[in-house]
>>> print(open('data_26.tsv').read())   # TSV, C-alpha atoms
chain	number	residue	atom	x	y	z
Z	1	MET	CA	7.60	-2.88	1.06
Z	2	MET	CA	9.38	-2.72	4.40
Z	3	ARG	CA	11.50	0.34	3.66
Z	4	LYS	CA	11.04	2.89	6.49
Z	5	ALA	CA	8.44	0.62	8.16
Z	6	LYS	CA	9.99	1.01	11.60
Z	7	LEU	CA	9.56	4.78	11.36
Z	8	PHE	CA	5.78	4.34	11.29
Z	9	HIS	CA	5.09	1.14	13.24
Z	10	GLU	CA	6.24	0.00	16.67
Z	11	ASN	CA	4.64	-3.43	16.38
Z	12	ILE	CA	4.45	-4.98	12.93
Z	13	THR	CA	2.61	-8.18	12.26
Z	14	ILE	CA	3.87	-9.28	8.88
Z	15	ILE	CA	1.03	-10.43	6.67
Z	16	PRO	CA	1.70	-14.15	6.38
Z	17	GLU	CA	2.44	-15.69	3.03
Z	18	ARG	CA	-0.37	-17.74	1.62
Z	19	ARG	CA	-0.27	-20.51	-0.90
Z	20	GLY	CA	1.06	-19.18	-4.19
Z	21	MET	CA	2.21	-15.95	-2.55
Z	22	LYS	CA	5.77	-14.69	-2.72
Z	23	THR	CA	7.25	-12.11	-0.37
Z	24	THR	CA	10.00	-9.94	-1.76
Z	25	GLN	CA	11.83	-6.79	-0.77
Z	26	VAL	CA	11.25	-4.01	-3.27
Z	27	TYR	CA	13.38	-0.89	-3.46
Z	28	PHE	CA	12.74	-0.06	-7.09
Z	29	PHE	CA	10.40	-1.70	-9.54
Z	30	SER	CA	9.37	-1.42	-13.13
Z	31	GLN	CA	5.87	-1.84	-14.46
Z	32	GLN	CA	6.81	-5.27	-15.82
Z	33	GLU	CA	8.16	-6.38	-12.43
Z	34	MET	CA	5.16	-5.09	-10.51
Z	35	GLN	CA	2.65	-6.74	-12.83
Z	36	LYS	CA	4.05	-10.14	-11.81
Z	37	PHE	CA	2.33	-9.68	-8.44
Z	38	GLU	CA	-1.34	-9.63	-7.54
Z	39	HIS	CA	-0.79	-7.66	-4.28
Z	40	PHE	CA	1.65	-5.02	-3.15
Z	41	VAL	CA	1.76	-4.55	0.63
Z	42	SER	CA	3.51	-1.47	1.93
Z	43	TYR	CA	4.50	-1.04	5.54
Z	44	ASP	CA	5.57	2.53	4.70
Z	45	PRO	CA	2.25	4.41	4.60
Z	46	TYR	CA	3.59	7.48	2.81
Z	47	THR	CA	5.69	6.12	-0.03
Z	48	PHE	CA	4.69	7.08	-3.55
Z	49	PHE	CA	5.24	3.43	-4.51
Z	50	ILE	CA	1.71	2.68	-3.26
Z	51	PHE	CA	0.28	4.89	-5.99
Z	52	ALA	CA	2.67	3.60	-8.66
Z	53	ALA	CA	1.89	-0.04	-7.86
Z	54	ALA	CA	-1.85	0.59	-8.06
Z	55	MET	CA	-1.50	2.41	-11.38
Z	56	TYR	CA	0.46	-0.59	-12.68
Z	57	GLY	CA	-2.57	-2.76	-11.86
Z	58	THR	CA	-1.33	-4.38	-8.65
Z	59	VAL	CA	-3.76	-4.34	-5.72
Z	60	THR	CA	-2.07	-2.10	-3.19
Z	61	ILE	CA	-2.53	-2.59	0.53
Z	62	VAL	CA	-1.16	-0.16	3.10
Z	63	TYR	CA	-0.37	-1.70	6.47
Z	64	PRO	CA	-2.43	0.44	8.86
Z	65	SER	CA	-0.79	2.78	11.34
Z	66	GLU	CA	-1.67	2.26	14.99
Z	67	ASN	CA	-4.57	4.41	16.21
Z	68	MET	CA	-5.16	5.90	12.77
Z	69	THR	CA	-8.22	5.40	10.60
Z	70	LYS	CA	-8.08	5.21	6.82
Z	71	SER	CA	-9.46	8.74	6.47
Z	72	GLN	CA	-6.90	10.11	8.96
Z	73	TRP	CA	-4.08	8.38	7.07
Z	74	ALA	CA	-5.39	9.65	3.72
Z	75	SER	CA	-5.55	13.21	5.07
Z	76	TYR	CA	-1.79	13.06	5.76
Z	77	SER	CA	-0.97	11.46	2.42
Z	78	TYR	CA	0.07	13.05	-0.87
Z	79	ALA	CA	-3.64	13.58	-1.61
Z	80	GLY	CA	-4.59	14.98	1.80
Z	81	VAL	CA	-5.18	18.60	0.84
Z	82	TYR	CA	-7.25	17.55	-2.16
Z	83	LEU	CA	-9.38	15.22	-0.03
Z	84	LYS	CA	-9.92	17.92	2.61
Z	85	GLN	CA	-11.14	20.37	-0.04
Z	86	ASN	CA	-13.16	17.99	-2.21
Z	87	GLY	CA	-14.19	15.13	0.07
Z	88	GLY	CA	-14.35	11.53	-1.03
Z	89	GLU	CA	-11.93	8.69	-0.50
Z	90	LEU	CA	-8.56	7.77	-1.89
Z	91	PRO	CA	-9.28	5.40	-4.80
Z	92	GLY	CA	-7.32	2.31	-5.71
Z	93	ILE	CA	-5.69	1.73	-2.31
Z	94	ALA	CA	-6.68	-0.66	0.50
Z	95	TYR	CA	-5.72	0.50	3.99
Z	96	VAL	CA	-5.76	-2.91	5.64
Z	97	TRP	CA	-5.69	-6.56	4.52
Z	98	GLU	CA	-9.46	-7.07	4.66
Z	99	LYS	CA	-11.75	-8.40	1.98
Z	100	ASP	CA	-13.88	-5.24	1.69
Z	101	GLU	CA	-10.85	-2.96	1.50
Z	102	ILE	CA	-9.14	-5.13	-1.11
Z	103	GLU	CA	-12.31	-5.23	-3.18
Z	104	TYR	CA	-12.63	-1.43	-2.87
Z	105	ALA	CA	-9.06	-1.02	-4.10
Z	106	ARG	CA	-9.64	-3.40	-7.00
Z	107	GLN	CA	-12.88	-1.68	-8.05
Z	108	THR	CA	-11.58	1.89	-7.80
Z	109	MET	CA	-8.10	1.33	-9.24
Z	110	PRO	CA	-9.17	2.65	-12.69
Z	111	GLU	CA	-10.07	5.99	-11.04
Z	112	LEU	CA	-6.65	6.52	-9.45
Z	113	ARG	CA	-4.82	8.11	-12.38
Z	114	ASN	CA	-7.46	10.80	-12.97
Z	115	PHE	CA	-7.63	11.39	-9.23
Z	116	LEU	CA	-3.86	11.94	-9.03
Z	117	VAL	CA	-4.00	14.31	-12.01
Z	118	LYS	CA	-6.52	16.40	-10.04
Z	119	VAL	CA	-4.29	16.27	-6.94
Z	120	ARG	CA	-1.33	17.45	-9.01
Z	121	GLN	CA	-3.38	20.28	-10.52
Z	122	LEU	CA	-4.45	21.42	-7.06
Z	123	GLY	CA	-0.78	21.51	-6.10
Z	124	LEU	CA	0.11	23.60	-9.13
Z	125	ASP	CA	-2.83	25.97	-8.72
Z	126	ILE	CA	-3.12	26.32	-4.96
Z	127	THR	CA	-0.71	24.58	-2.59
Z	128	VAL	CA	2.60	25.40	-4.28
Z	129	PRO	CA	1.77	29.11	-4.76
Z	130	ARG	CA	0.50	29.24	-1.13
Z	131	PHE	CA	3.75	27.64	0.06
Z	132	LEU	CA	5.80	30.17	-1.92
Z	133	ARG	CA	3.79	33.07	-0.50
Z	134	ASP	CA	4.33	31.70	3.02
Z	135	CYS	CA	8.08	31.36	2.37
Z	136	TYR	CA	8.19	34.96	1.21
Z	137	ARG	CA	6.20	36.13	4.24
Z	138	HIS	CA	8.52	34.19	6.55
Z	139	SER	CA	11.55	35.85	4.97
Z	140	MET	CA	9.89	39.23	5.62
Z	141	GLY	CA	9.06	38.35	9.25
Z	142	GLN	CA	5.30	38.26	8.62
Z	143	ARG	CA	4.44	35.04	10.49
Z	144	LEU	CA	0.91	36.07	11.45
Z	145	GLN	CA	-0.11	36.21	7.80
Z	146	PHE	CA	0.76	32.58	6.90
Z	147	GLU	CA	-1.90	30.87	4.81
Z	148	GLY	CA	-0.99	27.28	5.51
Z	149	ALA	CA	2.53	26.97	6.87
Z	150	LEU	CA	3.68	25.81	10.26
Z	151	LEU	CA	7.19	25.95	11.57
Z	152	VAL	CA	8.67	22.92	13.31
Z	153	THR	CA	8.85	25.03	16.46
Z	154	ASP	CA	5.05	25.45	16.29
Z	155	LEU	CA	4.61	21.70	16.76
Z	156	ASN	CA	6.27	21.53	20.19
>>> encode(input="data_26.tsv", output="structure tokens")
Amino acid sequence: MMRKAKLFHENITIIPERRGMKTTQVYFFSQQEMQKFEHFVSYDPYTFFIFAAAMYGTVTIVYPSENMTKSQWASYSYAGVYLKQNGGELPGIAYVWEKDEIEYARQTMPELRNFLVKVRQLGLDITVPRFLRDCYRHSMGQRLQFEGALLVTDLN
């Protein structure tokens, strides 16, 4: 998946097609479409398609971001807060086209759905209420009492 790739990568080395491999542009896919492929390579490291493809049974490989390890990337992903609180690794996803990573993704793919259910529950129980409290505090001018929020101006 090349969508938004240039936002995350200055220099992209496209994974070359191998015998029996077909490269295609994907903007939307169904389970039936995705199951036609053995591998799904995403050059957009933060698309939810990487999780969907893995849950459909397609080995998902994320093209690595420059100067970013797998654990750093995972900490910024959809599951980042969960991983920071509970440890472990992101199951079912390879971070680079390497044999060990692909085997890890293949072996842990069955764990991904339950993992994402836990991530969602953490969002419902902790991160969404915290976000709402921070929004309320911001509206009341209480910036020093934020639990997890940053303003864009704080990043400069």
>>> atom_distance(input="data_26.tsv", atom1="CA of Phe40 (chain Z)", atom2="CA of Lys118 (chain Z)")
23.9 Å
>>> atom_distance(input="data_26.tsv", atom1="CA of Ile126 (chain Z)", atom2="CA of Tyr78 (chain Z)")
14.2 Å
>>> closest_residue(input="data_26.tsv", among="Z:Val62, Z:Asn114, Z:Ala52, Z:Thr47", to="Glu33 (chain Z)", atoms="only C-alpha atoms")
Z:Ala52
>>> closest_residue(input="data_26.tsv", among="Z:Tyr43, Z:Met34, Z:Glu66, Z:Ala54", to="Pro110 (chain Z)", atoms="only C-alpha atoms")
Z:Ala54
>>> atom_distance(input="data_26.tsv", atom1="CA of Leu116 (chain Z)", atom2="CA of Phe131 (chain Z)")
19.7 Å
>>> residues_around(input="data_26.tsv", residues="Leu112 (chain Z)", least_positions_apart="2", cutoff="12 Å", atoms="all atoms listed in the file", output="list in words")
Ile50, Phe51, Ala52, Ala53, Ala54, Met55, Tyr56, Gly57, Val59, Thr60, Ala79, Glu89, Leu90, Pro91, Gly92, Ile93, Tyr104, Ala105, Arg106, Gln107, Thr108, Met109, Pro110, Asn114, Phe115, Leu116, Val117, Lys118 and Val119 of chain Z
>>> write_last_selection(input="data_26.tsv", atoms="C-alpha atoms", output="PDB file, in the frame of the given file")
ATOM      1  CA  ILE Z  50       1.710   2.680  -3.260  1.00  0.00           C
ATOM      2  CA  PHE Z  51       0.280   4.890  -5.990  1.00  0.00           C
ATOM      3  CA  ALA Z  52       2.670   3.600  -8.660  1.00  0.00           C
ATOM      4  CA  ALA Z  53       1.890  -0.040  -7.860  1.00  0.00           C
ATOM      5  CA  ALA Z  54      -1.850   0.590  -8.060  1.00  0.00           C
ATOM      6  CA  MET Z  55      -1.500   2.410 -11.380  1.00  0.00           C
ATOM      7  CA  TYR Z  56       0.460  -0.590 -12.680  1.00  0.00           C
ATOM      8  CA  GLY Z  57      -2.570  -2.760 -11.860  1.00  0.00           C
ATOM      9  CA  VAL Z  59      -3.760  -4.340  -5.720  1.00  0.00           C
ATOM     10  CA  THR Z  60      -2.070  -2.100  -3.190  1.00  0.00           C
ATOM     11  CA  ALA Z  79      -3.640  13.580  -1.610  1.00  0.00           C
ATOM     12  CA  GLU Z  89     -11.930   8.690  -0.500  1.00  0.00           C
ATOM     13  CA  LEU Z  90      -8.560   7.770  -1.890  1.00  0.00           C
ATOM     14  CA  PRO Z  91      -9.280   5.400  -4.800  1.00  0.00           C
ATOM     15  CA  GLY Z  92      -7.320   2.310  -5.710  1.00  0.00           C
ATOM     16  CA  ILE Z  93      -5.690   1.730  -2.310  1.00  0.00           C
ATOM     17  CA  TYR Z 104     -12.630  -1.430  -2.870  1.00  0.00           C
ATOM     18  CA  ALA Z 105      -9.060  -1.020  -4.100  1.00  0.00           C
ATOM     19  CA  ARG Z 106      -9.640  -3.400  -7.000  1.00  0.00           C
ATOM     20  CA  GLN Z 107     -12.880  -1.680  -8.050  1.00  0.00           C
ATOM     21  CA  THR Z 108     -11.580   1.890  -7.800  1.00  0.00           C
ATOM     22  CA  MET Z 109      -8.100   1.330  -9.240  1.00  0.00           C
ATOM     23  CA  PRO Z 110      -9.170   2.650 -12.690  1.00  0.00           C
ATOM     24  CA  ASN Z 114      -7.460  10.800 -12.970  1.00  0.00           C
ATOM     25  CA  PHE Z 115      -7.630  11.390  -9.230  1.00  0.00           C
ATOM     26  CA  LEU Z 116      -3.860  11.940  -9.030  1.00  0.00           C
ATOM     27  CA  VAL Z 117      -4.000  14.310 -12.010  1.00  0.00           C
ATOM     28  CA  LYS Z 118      -6.520  16.400 -10.040  1.00  0.00           C
ATOM     29  CA  VAL Z 119      -4.290  16.270  -6.940  1.00  0.00           C
TER      30      VAL Z 119
END
